[in-house]
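Take a look at the structure below.
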Amino acid sequence: MGQPFSLSRAQCSKLSTHSARLMSIRFWITLVLLSVIVLTSAHPQKSPKPTPRRPPYPKIAKATISTPGFHAALTFQLRINPKASDDIAPIPGLENHPKRSTRVFVQYTGVPDGQNFTYHIHNKAIKGKDCKSAGQHWNPTHSSMDDPKRPCDHKNPGKCESGDLSGKHGKLRNLPVGHLVAYYDSSLNLSYSRRGILGKSVVIHNEKGTHRLW
């Protein structure tokens with residue numbers, strides 16, 4: 001039979017010293033790791049700067065037109081969930097756009113008796129007093145007022161050019177001073193975009209359509 005194995009005091013002492021060193025090394029490594037974790041959490045990475053938010057679009061836009069003998073002021077007001085009770089008098093168009101729409105007020109003087117002026121929103125802002133700089137009619141839906149098969153009908157404004165205000169809501173005619181024309185139109189978005197009216201122009205044409213007021 002083999003002899004039982006036993007450690008001498010010297011061997012036990014060496015083993016204990018070796019184990020103590022291993023434990024010390026492990027404790028030191030653990031301490032270093034904990035220190036790294038603490039330092040990392042104490043100095044978090046800086047979050048990126050937030051992207052500046054674009055200012056919200058205005059809820060009201062105005063256009064003022066003034067020439068010798070003629071003056072007009074148009075106000076476009078965004079309305080969300082409008083109610084008929086919000087208006088002093090009934091305004092046409094609300095029944096077709098109950099959720100979100102633009103309320104338009106037109107106040108003007110100077111249309112000769114017996115004449116009718118048309119008015120439209122045009123694609124560009126007028127430069128100086130040159131109405132030609134306003135470009136063509138604003139027509140983001142690509143409707144055509146010149147197409148005899150699809151004429152603008154105020155009873156079906158969806159087939160009209162979005163910028164054809166007189167075609168959809170009636171021409172400007174001679175009215176008593178102080179009379180206010182008002183209507184709702186959901187196609188007139190208050191935004192700087194292809195489908196928005198901000199940054200564009202309102203042009204008023206005389207009855208012949210050759211002379212343009214702005």
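Residues are referred to by chain and number: the chain letter is A, B, ... according to the order shown in the structure tokens, the number counts from 1 in that chain, and ligands are numbered separately from 1 in the order shown.
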Can you list, as an MDAnalysis selection string, every protein, DNA or RNA residue that comes within 6 Å of segment 164-169 of chain A when you count only C-alpha atoms, leaving out same-chain residues fewer than 4 positions away?
chainID A and resid 118:120 152 154 157
Write out as a JSON list (two decimals) with N, CA and C atoms, in the first residue's frame each polymer residue whose atoms come within 6 Å of Ser101 of chain A, counting only C-alpha atoms; drop sequence neighbours fewer than 6 positions from it.
```
[["chain", "number", "residue", "atom", "x", "y", "z"],
["A", 79, "ARG", "N", -57.69, 77.42, -38.76],
["A", 79, "ARG", "CA", -58.70, 77.00, -37.79],
["A", 79, "ARG", "C", -58.66, 75.48, -37.68],
["A", 185, "ASP", "N", -61.50, 77.61, -46.63],
["A", 185, "ASP", "CA", -60.86, 76.90, -47.75],
["A", 185, "ASP", "C", -59.72, 76.04, -47.18],
["A", 186, "SER", "N", -59.91, 74.73, -47.19],
["A", 186, "SER", "CA", -58.91, 73.82, -46.59],
["A", 186, "SER", "C", -57.68, 73.62, -47.46]]
```
Between A:Thr102, A:Asn81, A:Val111, A:Gly170, smallest distance to Ile60 of chain A by only C-alpha atoms belongs to A:Thr102
